[in-house]
Amino acid sequence: MFNESPRRKHRVIISTKLPNYGVRRKRRGIKPQKRIILMMEKNTYMINSFINFYRKLNLRNQRTLARILFALINMPVIRYVYHFIYLRHIKRRSKQFPKRLIIETCNYCNLKCVMCPYKAMTRAKSTMSMLLYRKIIDDAVSMGMTEVTISGYLEPLLDKFLIERIKYAKSKGLRVGFSSNGTLLLQNDHLGDILNSQLDWIAFSVDGATKETYEKIRIGARFEDVVDGVKTLIQEKKKMHLSTPEIHLNCCVQAKNYDEVNTQRRKFYEVFKGADVFEFGAVSTRGNEGERLPRGSDFETPTKIRKHIYPCYTIFNYIYCLPDGIVALCCIDYDGKFRLGDLNIQTIAEVWESNQYQIVRQKHMDGRGAEIEMCSNCKEFELSSFRWWQ
Ligand SMILES: C[S@@+](CC[C@H](N)C(=O)[O-])C[C@H]1O[C@@H](n2cnc3c(N)ncnc32)[C@H](O)[C@@H]1O
Ligand code: SF4
């Protein structure tokens with residue numbers, strides 16, 4: 001999904017920290033190739049500024065720019081240089097232990113959104129026990145992980161332990177956030193609980209800026225409930241002078257809302273005025289359940305040129321855990337078919353170092369990731385030509 005900040009008040013959260021590589025003199029002894037990589041990394045600030053600029057463009061211009069970039073990195077000589085530098089960078093980055101844990105704390109949802117594979121899920125429905133959750137969080141902290149995201153195929157507001165989970169992860173110093181459809185926000189005490197939980201961010205999925213479009217996609221939801229809920233949250237947060245949670249609005253761009261996003265994007269900013277971040281990302285074929293964009297549309301990822309050359313960013317940088325403690329490949333694996341370990345009986349480090357996980361990562365490192373069936377048709381994977389610079 002793409003962040004964007006159409007006006008200054010819609011912030012885009014991108015780290016602008018520059019790594020410290022020590023004094024110049026020290027660098028003289030470094031090999032030329034390594035120096036180029038360090039230089040590229042030091043330019044993270046420039047790269048992030050460019051990403052910010054990209055996200056402010058409309059879909060058509062984003063698409064054109066992406067095409068130009070893809071064409072550029074595939075020109076004969078540049079292609080070789082880019083490949084060389086980028087792969088070296090990836091190799092270094094891939095040795096680091098992931099910083100982010102994604103936990104699907106339950107797998108219940110109250111909607112049947114058209115593009116979401118939730119309705120096709122065949123695995124058993126359950127809620128993760130607090131005992132297992134605490135064990136996993138402790139484990140993550142001991143491995144130096146810094147972020148936990150409650151996500152997957154669930155509506156987090158249906159998880160009766162949600163607030164307890166947020167507070168526990170916060171007490172361990174983790175950055176915590178979750179994505180919600182927002183339909184239940186004004187029910188029970190959700191709103192007050194969220195505001196008092198020290199949650200870092202919350203993302204609401206709103207796939208339309210009008211009732212008509214939104215309800216065509218989010219089957220079972222009422223547009224007014226979400227708009228009222230989000231607006232009230234924004235007002236209450238302001239009244240309480242809180243800086244968190246950051247409020248994100250995510251729109252999954254697909255055939256049914258494509259025109260609205262492209263021609264009436266301002267409407268999103270007007271309806272959800274006061275939100276911190278707006279993200280518009282293309283639908284993906286999760287388990288081939290996703291509804292494709294119109295053919296040749298401007299928001300399809302321009303990936304024909306160099307498909308599946310670079311290792312997938314997701315599998316190296318996130319660990320994805322299901323309510324029963326099973327570690328699955330990633331969020332594309334909605335039915336938990338690709339099992340990489342079991343956190344009931346293993347530590348996160350043991351799962352990460354397991355043979356199976358290593359084979360998957362090695363295949364990706366060798367440029368053979370597409371041999372894994374689940375990876376062969378995946379949008380996230382396709383985006384890896386740039387993502388490792390993040
Ligand atoms: C699966 S939902 C779970 C959290 C919550 N129920 C919600 O709707 O935000 C997480 C995110 O995945 C997005 N999503 C669902 N199906 C998708 C697909 N086929 N392609 C891309 N994003 C998808 C949703 O729009 C949502 O922003
Ligand atoms: S996108 Fe979210 S709200 Fe919609 S069906 Fe999937 S899990 Fe439920």
# chains A, B, ... in the order shown; residues from 1 in each chain; ligands from 1

call {"tool": "closest_atom_pairs", "arguments": {"of": "chain A", "to": "ligand 2", "cutoff": "8 Å", "atoms": "only C-alpha atoms and all ligand atoms", "output": "tab-separated table"}}
result
residue	atom	partner	partner_atom_place_in_ligand_line	distance
A:Tyr108	CA	ligand 2	7 (S)	7.8
A:Cys109	CA	ligand 2	8 (Fe)	4.7
A:Asn110	CA	ligand 2	8 (Fe)	6.2
A:Leu111	CA	ligand 2	5 (S)	4.7
A:Lys112	CA	ligand 2	5 (S)	4.2
A:Cys113	CA	ligand 2	4 (Fe)	4.2
A:Val114	CA	ligand 2	5 (S)	7.5
A:Met115	CA	ligand 2	1 (S)	7.3
A:Cys116	CA	ligand 2	6 (Fe)	4.6
A:Pro117	CA	ligand 2	6 (Fe)	6.7
A:Tyr118	CA	ligand 2	6 (Fe)	5.2
A:Lys119	CA	ligand 2	5 (S)	6.9
A:Gly152	CA	ligand 2	7 (S)	7.0
A:Tyr153	CA	ligand 2	7 (S)	4.3
A:Leu154	CA	ligand 2	7 (S)	4.5
A:Glu155	CA	ligand 2	7 (S)	5.7
A:Ser180	CA	ligand 2	2 (Fe)	6.7
A:Asn181	CA	ligand 2	3 (S)	5.0
A:Ser205	CA	ligand 2	1 (S)	7.5
A:Arg218	CA	ligand 2	4 (Fe)	6.1
A:Ile219	CA	ligand 2	4 (Fe)	7.8

call {"tool": "write_last_selection", "arguments": {"atoms": "C-alpha atoms", "output": "mmCIF file, in the first residue's frame"}}
result
data_model
loop_
_atom_site.group_PDB
_atom_site.id
_atom_site.type_symbol
_atom_site.label_atom_id
_atom_site.label_comp_id
_atom_site.auth_asym_id
_atom_site.auth_seq_id
_atom_site.Cartn_x
_atom_site.Cartn_y
_atom_site.Cartn_z
ATOM 1 C CA TYR A 108 -13.074 -13.691 13.198
ATOM 2 C CA CYS A 109 -14.500 -10.939 11.035
ATOM 3 C CA ASN A 110 -17.922 -9.302 10.733
ATOM 4 C CA LEU A 111 -17.673 -8.401 7.020
ATOM 5 C CA LYS A 112 -17.319 -10.134 3.680
ATOM 6 C CA CYS A 113 -15.371 -7.658 1.595
ATOM 7 C CA VAL A 114 -15.327 -8.584 -2.080
ATOM 8 C CA MET A 115 -11.545 -8.605 -2.526
ATOM 9 C CA CYS A 116 -10.700 -10.321 0.776
ATOM 10 C CA PRO A 117 -10.051 -14.068 0.976
ATOM 11 C CA TYR A 118 -11.532 -14.174 4.500
ATOM 12 C CA LYS A 119 -14.688 -15.824 3.182
ATOM 13 C CA GLY A 152 -4.171 -10.766 9.187
ATOM 14 C CA TYR A 153 -7.677 -11.978 8.411
ATOM 15 C CA LEU A 154 -9.596 -10.660 11.389
ATOM 16 C CA GLU A 155 -11.427 -7.679 12.723
ATOM 17 C CA SER A 180 -9.613 -2.252 11.435
ATOM 18 C CA ASN A 181 -12.697 -1.966 9.275
ATOM 19 C CA SER A 205 -9.788 0.419 5.751
ATOM 20 C CA ARG A 218 -17.305 -3.761 2.109
ATOM 21 C CA ILE A 219 -20.232 -6.175 2.222
#

call {"tool": "select_by_dssp", "arguments": {"residues": "segment 143-373 of chain A", "states": "alpha helix (DSSP H)", "output": "JSON, numbers by chain"}}
result
{"A": [162, 163, 164, 165, 166, 167, 168, 169, 170, 171, 190, 191, 192, 193, 194, 195, 211, 212, 213, 214, 215, 216, 217, 223, 224, 225, 226, 227, 228, 229, 230, 231, 232, 233, 234, 235, 236, 237, 238, 239, 258, 259, 260, 261, 262, 263, 265, 266, 267, 268, 269, 270, 271, 313, 314, 315, 316, 317, 348, 349, 350, 351, 352, 353, 355, 356, 357, 358, 359, 360, 361, 362, 363, 364, 365]}

call {"tool": "residues_around", "arguments": {"residues": "segment 318-322 of chain A", "least_positions_apart": "4", "cutoff": "9 Å", "atoms": "only C-alpha atoms", "output": "list in words"}}
result
Pro98, Lys99, Arg100, Leu101, Ile102, Ile103, Glu104, Thr105, Cys106, Asn107, Met128, Gly152, Tyr313, Thr314, Ile326, Val327, Ala328, Leu329, Cys330, Cys331, Gly336, Asp342, Leu343, Ile348 and Trp352 of chain A

call {"tool": "closest_residue", "arguments": {"among": "A:Glu224, A:Asp207, A:Asp159, A:Glu373", "to": "ligand 1", "atoms": "only C-alpha atoms and all ligand atoms"}}
result
A:Asp207

call {"tool": "atom_distance", "arguments": {"atom1": "atom CA of Asn250 of chain A", "atom2": "atom CA of Tyr86 of chain A"}}
result
29.3 Å

call {"tool": "closest_residue", "arguments": {"among": "A:Thr149, A:Asn262, A:Ser49, A:Asn355", "to": "ligand 1", "atoms": "only C-alpha atoms and all ligand atoms"}}
result
A:Thr149

call {"tool": "atom_distance", "arguments": {"atom1": "atom CA of Gln362 of chain A", "atom2": "atom CA of His89 of chain A"}}
result
15.8 Å

call {"tool": "atom_distance", "arguments": {"atom1": "atom 26 (C, counted along the ligand's line) of ligand 1", "atom2": "atom CA of Gly220 of chain A"}}
result
15.0 Å
